[in-house]
Structures are given as structure tokens and as C-alpha cells.
Amino acid sequence: MPMGHSKDTPVNQPILSDAMVARQPIYNKQMGVYAYELLFRGNGYGMEDVGSDTATAQVILNAFMNMGLKNLVGDRLASINLTERMLPEAINLPLPPKQVILEIPCDIEINREVIDVCRNLRKKGFTLALDNFNGREDLKDLLPNISLIKVCAEGLSDSYLRTFVAKFRKYNHIKLLALRVESLEQYKLYCDVGFDYCQGFLLSKPRVYATKEMPGNKLTVMNLLAVLYNPDSELIDIERIISHDVAMSFKLMRLMNSAFFGLPSPIDSVSQAVALLGKNPLRSWTSLMALSSMNDCPKVMIELALMRAKMCEGLAREAQLKPYDSYFTAGLFSALDMLMEYPLERLLTQLPLNDAIKQAILQHEGSMGEALCCVLAYEKSDWDGLHFAGLAPGDIMVANMEAFEWTQGMTNML
């Protein structure tokens with residue numbers, strides 16, 4: 001899907017076609033997504049190839065003119081990198097100030113013009129961030145207009161970080177963000193020393209889980225999934241499970257009667273909903289409801305599982321590779337270890353999934369494995385890994401955006 005062209009950009013440089021935009025999450029201390037930094041790649045080009053002014057212009061124009069900001073970040077904030085050259089132009093860009101963080105590079109030359117531009121942007125309602133803060137003394141002149149300082153904390157000692165955080169507590173309006181956070185352990189450490197936010201692909205990195213006794217609520221969910229995916233299970237078996245769970249029955253009825261399905265007449269019984277959905281879709285929906293019922297699981301992990309599931313399915317639809325629901329299942333259960341905090345291979349041995357789905361999840365084999373690899377690459381903005389079944393970059397972008405929109409809607413309903 002070509003992203004379109006514009007003759008005029010804020011820096012009078014050409015806009016590339018087939019551009020792709022990815023999101024890197026910024027997490028708060030409650031493990032919720034506070035914002036997404038938008039990351040850019042053109043068709044066949046990396047950021048370093050096209051120049052950062054062109055890259056930033058492309059991000060902005062694609063996000064606001066071609067794709068729509070809501071489709072990219074939902075109701076979260078969008079964080080966009082500005083270059084020194086683009087900073088004076090930023091106030092004229094078609095940006096909704098209340099939903100945008102503008103990142104200013106820390107190697108910028110500090111002068112009266114820069115200070116005035118930052119003041120005007122802040123007054124207009126933008127959140128201003130200093131990116132990759134390096135401690136330069138003259139940056140203090142910008143601090144009255146800065147709301148967020150982004151710091152690469154990797155490799156720095158706990159004591160140094162605590163001292164750094166304490167130094168900025170006198171600025172009540174400034175929040176601190178740790179960059180390049182690649183694991184949950186790092187996330188917990190940086191939150192503990194006083195950072196307000198963490199940014200990075202901390203949920204995408206594989207974790208090693210100890211084999212321990214599974215808590216009762218998670219064991220119940222695993223038992224349910226085992227019944228759902230048992231090839232000998234009939235619709236009546238699945239209906240019986242749902243009917244015996246008041247919360248799940250309520251969720252299914254609410255879902256079926258929502259605008260998402262848009263049915264002409266209301267559904268007033270579980271049996272009616274079951275008959276209407278059919279066996280395979282019912283498996284998928286019931287799995288979603290069961291996994292989302294685990295109250296001790298952070299919402300962001302549920303969102304990640306849903307995103308993987310729907311994007312895998314979307315890629316299969318774009319490539320016309322059936323059965324689509326198998327791709328959905330592979331994506332969903334690829335995140336099962338995070339949701340259950342249990343080794344993935346051990347979890348999958350407890351589920352009667354077909355070998356193709358298991359091999360796709362564990363060894364990334366077959367077309368489902370290739371789709372999952374593409375989804376995981378998108379999570380990490382690994383541009384070289386974004387390929388599936390010969391699809392054009394725009395088709396992959398469509399699958400991602402549709403999955404993101406679907407996930408935002410689903411998490412509000414489940």
C-alpha cells in the first residue's frame with residue numbers, strides 16, 4: 001500500500017513512498033503504555049541512508065496525513081524526534097499538541113532562538129523532551145520548558161542513577177525516562193531507582209522461566225485451553241465450559257452484542273452465541289477471554305498477545321494463506337510464557353495443538369513460523385526481518401495497523 005507523496009515538506013526534501021512506521025513503547029511505573037515513539041523506515045532505506053530531516057518529515061506526514069495518528073498510537077501520546085534544523089519549523093506542522101511529545105536532540109546548539117522556540121512550543125501545549133541527555137551544562141537553559149528527560153541508563157551503577165535522579169527532583173515539572181530497556185529486570189531496577197518511564201523492547205526479549213508450580217488461576221486457564229483445542233471437543237463441550245463461568249458468559253454476551261459484530265438483532269443466550277460463531281472462531285474468542293481474565297497479568301502483556309495473534313492472522317489474509325485461525329492461534333500462544341510466567345515448551349506440551357502450530361511457535365518453522373517471525377521483527381523494529389510470503393512493505397504495514405486498531409478495541413471489551 002503506497003503511502004503517498006507530497007511536493008512540499010517542512011524541510012523541502014522529497015518524501016519517500018512505501019514508508020513504514022513502527023512504534024516503540026514507553027512504559028510507566030504501572031507497566032502501562034504511556035506513549036509510543038514513532039520509528040521510520042523508507043522503502044529500501046534506513047534512517048542513516050536518507051538523512052534525519054527527511055526521516056522526521058516522513059514520520060510526521062505519514063502519521064498525520066496518510067495513516068492518521070489514532071491508527072498509529074490509539075489514545076496514547078506519540079513521541080517524534082526533531083532535528084536541530086526542524087525545530088524552528090515544528091510549530092507550523094499539523095500536529096495536535098496535547099497528543100505529541102517532541103524530542104529535541106541533546107547535541108543541539110543552545111542559543112536565544114532555540115530557547116524561544118522551545119518556550120513557544122511549550123505554550124502551545126506540546127510536551128518537550130530532551131533525547132539521550134548527556135549532562136551538557138548549557139542544556140540547563142532549556143530545562144524550564146522541558147517536561148521529559150531521556151537517559152541511556154544501561155551500564156550505569158545503581159548509586160550513580162539514584163544520584164542522577166535525586167539531582168532532577170528539584171524540577172517538579174520534569175519526568176525522567178530510561179532508554180534502551182531490554183528486559184523486565186532492567187525495567188524493575190530503573191523504576192526502583194526513581195525513573196518515571198522506561199522505553200525499549202523489554203517484552204520482546206525471550207526470558208528464561210523456572211519450572212515451578214503453576215498458580216491455581218493460571219492452571220484453570222491452561223485446563224480450559226486444553227479442552228478448547230482438543231480435536232475431539234465438540235461445540236457443546238465448549239458451550240458447557242462457558243456457561244459454567246459467569247464472568248466468561250457475560251464477556252461473550254457483551255462482545256457478541258457490541259458494535260464490533262454489528263449483528264441485526266441481539267444475542268440473548270450463550271448457546272445462540274456459540275452456534276453463531278462456530279467452533280474455530282469460538283476457540284479463539286474463548287481463549288482471549290480466558291487469558292484476559294488473569295488479573296495478575298499486566299494489561300500490556302495481554303495487548304501484546306492480541307497484537308501478535310491478529311497481525312499473524314492479518315499477514316495470512318494478505319497472502320491468502322489458510323486456515324487464518326491457525327495463524328491467529330500461533331501468534332496468541334507465542335506470548336503464553338509471558339502470560340503464564342512458565343517455560344513455553346512445557347506449556348505447549350499441555351495443549352493439544354497440531355504440530356504445525358507448535359513448530360511455528362517454538363522453531364519458527366513453516367509459513368506460520370515465517371509470519372510469527374515477521375510480527376516479532378515488527379515488535380523490535382528489525383526492518384530486515386519484515387518479510388512474509390513476498391508481501392510488499394505496505395501490505396505488512398496494513399496488517400500491523402489493522403491489528404493495532406483491533407487490539408485497542410478488544411482490550412476495552414475483554
# chains A, B, ... in the order shown; residues from 1 in each chain; ligands from 1
$ residues_around --residues "Leu277 in chain A" --least-positions-apart "3" --cutoff "12 Å" --atoms "only C-alpha atoms" --output "ChimeraX atom specification"
/A:235,238-239,252-253,255-256,261,263,267,270-274,280-286
$ residues_around --residues "Lys322 in chain A" --least-positions-apart "4" --cutoff "12 Å" --atoms "only C-alpha atoms" --output "list in words"
Cys312, Glu313, Gly314, Leu315, Ala316, Arg317, Glu318, Ser326, Tyr327, Phe328, Ser367 and Met368 of chain A
$ residues_around --residues "Tyr197 in chain A" --least-positions-apart "4" --cutoff "9 Å" --atoms "only C-alpha atoms" --output "MDAnalysis selection string"
chainID A and resid 26:29 34 150 175:179 187 190:191
$ closest_residue --among "A:Val227, A:Leu347, A:Cys106, A:Met214" --to "Leu362 in chain A" --atoms "only C-alpha atoms"
A:Leu347
$ atom_distance --atom1 "CA of Glu182 in chain A" --atom2 "CA of Leu304 in chain A"
15.5 Å
$ decode --residues "range 375-396 of chain A" --atoms "N, CA and C atoms" --output "PDB file, in the first residue's frame"
ATOM      1  N   VAL A 375       6.148 -10.716  12.575  1.00  0.00           N
ATOM      2  CA  VAL A 375       5.497  -9.971  13.660  1.00  0.00           C
ATOM      3  C   VAL A 375       6.506  -9.608  14.747  1.00  0.00           C
ATOM      4  N   LEU A 376       7.351 -10.561  15.119  1.00  0.00           N
ATOM      5  CA  LEU A 376       8.360 -10.303  16.147  1.00  0.00           C
ATOM      6  C   LEU A 376       9.363  -9.259  15.672  1.00  0.00           C
ATOM      7  N   ALA A 377       9.690  -9.287  14.380  1.00  0.00           N
ATOM      8  CA  ALA A 377      10.599  -8.285  13.825  1.00  0.00           C
ATOM      9  C   ALA A 377       9.973  -6.896  13.910  1.00  0.00           C
ATOM     10  N   TYR A 378       8.675  -6.812  13.655  1.00  0.00           N
ATOM     11  CA  TYR A 378       7.991  -5.520  13.748  1.00  0.00           C
ATOM     12  C   TYR A 378       8.016  -5.005  15.183  1.00  0.00           C
ATOM     13  N   GLU A 379       7.835  -5.906  16.147  1.00  0.00           N
ATOM     14  CA  GLU A 379       7.890  -5.507  17.559  1.00  0.00           C
ATOM     15  C   GLU A 379       9.203  -4.818  17.891  1.00  0.00           C
ATOM     16  N   LYS A 380      10.287  -5.316  17.290  1.00  0.00           N
ATOM     17  CA  LYS A 380      11.624  -4.822  17.625  1.00  0.00           C
ATOM     18  C   LYS A 380      12.153  -3.816  16.606  1.00  0.00           C
ATOM     19  N   SER A 381      11.305  -3.396  15.665  1.00  0.00           N
ATOM     20  CA  SER A 381      11.736  -2.505  14.579  1.00  0.00           C
ATOM     21  C   SER A 381      12.952  -3.062  13.858  1.00  0.00           C
ATOM     22  N   ASP A 382      12.953  -4.375  13.681  1.00  0.00           N
ATOM     23  CA  ASP A 382      14.006  -5.049  12.918  1.00  0.00           C
ATOM     24  C   ASP A 382      13.586  -5.043  11.457  1.00  0.00           C
ATOM     25  N   TRP A 383      13.942  -3.974  10.759  1.00  0.00           N
ATOM     26  CA  TRP A 383      13.440  -3.775   9.401  1.00  0.00           C
ATOM     27  C   TRP A 383      13.846  -4.907   8.459  1.00  0.00           C
ATOM     28  N   ASP A 384      15.033  -5.451   8.652  1.00  0.00           N
ATOM     29  CA  ASP A 384      15.498  -6.522   7.766  1.00  0.00           C
ATOM     30  C   ASP A 384      14.666  -7.792   7.913  1.00  0.00           C
ATOM     31  N   GLY A 385      13.972  -7.931   9.035  1.00  0.00           N
ATOM     32  CA  GLY A 385      13.168  -9.128   9.259  1.00  0.00           C
ATOM     33  C   GLY A 385      11.727  -8.998   8.801  1.00  0.00           C
ATOM     34  N   LEU A 386      11.384  -7.850   8.213  1.00  0.00           N
ATOM     35  CA  LEU A 386       9.994  -7.612   7.811  1.00  0.00           C
ATOM     36  C   LEU A 386       9.725  -8.171   6.418  1.00  0.00           C
ATOM     37  N   HIS A 387       9.529  -9.458   6.356  1.00  0.00           N
ATOM     38  CA  HIS A 387       9.152 -10.078   5.088  1.00  0.00           C
ATOM     39  C   HIS A 387       8.289 -11.297   5.378  1.00  0.00           C
ATOM     40  N   PHE A 388       7.309 -11.498   4.513  1.00  0.00           N
ATOM     41  CA  PHE A 388       6.432 -12.660   4.639  1.00  0.00           C
ATOM     42  C   PHE A 388       5.752 -12.935   3.313  1.00  0.00           C
ATOM     43  N   ALA A 389       5.962 -14.112   2.792  1.00  0.00           N
ATOM     44  CA  ALA A 389       5.245 -14.620   1.610  1.00  0.00           C
ATOM     45  C   ALA A 389       5.281 -13.654   0.430  1.00  0.00           C
ATOM     46  N   GLY A 390       6.366 -12.897   0.304  1.00  0.00           N
ATOM     47  CA  GLY A 390       6.502 -11.979  -0.824  1.00  0.00           C
ATOM     48  C   GLY A 390       5.634 -10.738  -0.753  1.00  0.00           C
ATOM     49  N   LEU A 391       5.040 -10.452   0.420  1.00  0.00           N
ATOM     50  CA  LEU A 391       4.188  -9.267   0.552  1.00  0.00           C
ATOM     51  C   LEU A 391       5.009  -7.987   0.434  1.00  0.00           C
ATOM     52  N   ALA A 392       4.402  -6.962  -0.142  1.00  0.00           N
ATOM     53  CA  ALA A 392       5.031  -5.648  -0.207  1.00  0.00           C
ATOM     54  C   ALA A 392       5.067  -5.033   1.186  1.00  0.00           C
ATOM     55  N   PRO A 393       6.030  -4.134   1.447  1.00  0.00           N
ATOM     56  CA  PRO A 393       6.095  -3.491   2.763  1.00  0.00           C
ATOM     57  C   PRO A 393       4.780  -2.836   3.175  1.00  0.00           C
ATOM     58  N   GLY A 394       4.083  -2.243   2.206  1.00  0.00           N
ATOM     59  CA  GLY A 394       2.813  -1.609   2.530  1.00  0.00           C
ATOM     60  C   GLY A 394       1.762  -2.589   3.009  1.00  0.00           C
ATOM     61  N   ASP A 395       1.778  -3.811   2.462  1.00  0.00           N
ATOM     62  CA  ASP A 395       0.827  -4.837   2.901  1.00  0.00           C
ATOM     63  C   ASP A 395       1.107  -5.255   4.342  1.00  0.00           C
ATOM     64  N   ILE A 396       2.392  -5.346   4.680  1.00  0.00           N
ATOM     65  CA  ILE A 396       2.773  -5.689   6.056  1.00  0.00           C
ATOM     66  C   ILE A 396       2.349  -4.570   7.001  1.00  0.00           C
TER      67      ILE A 396
END
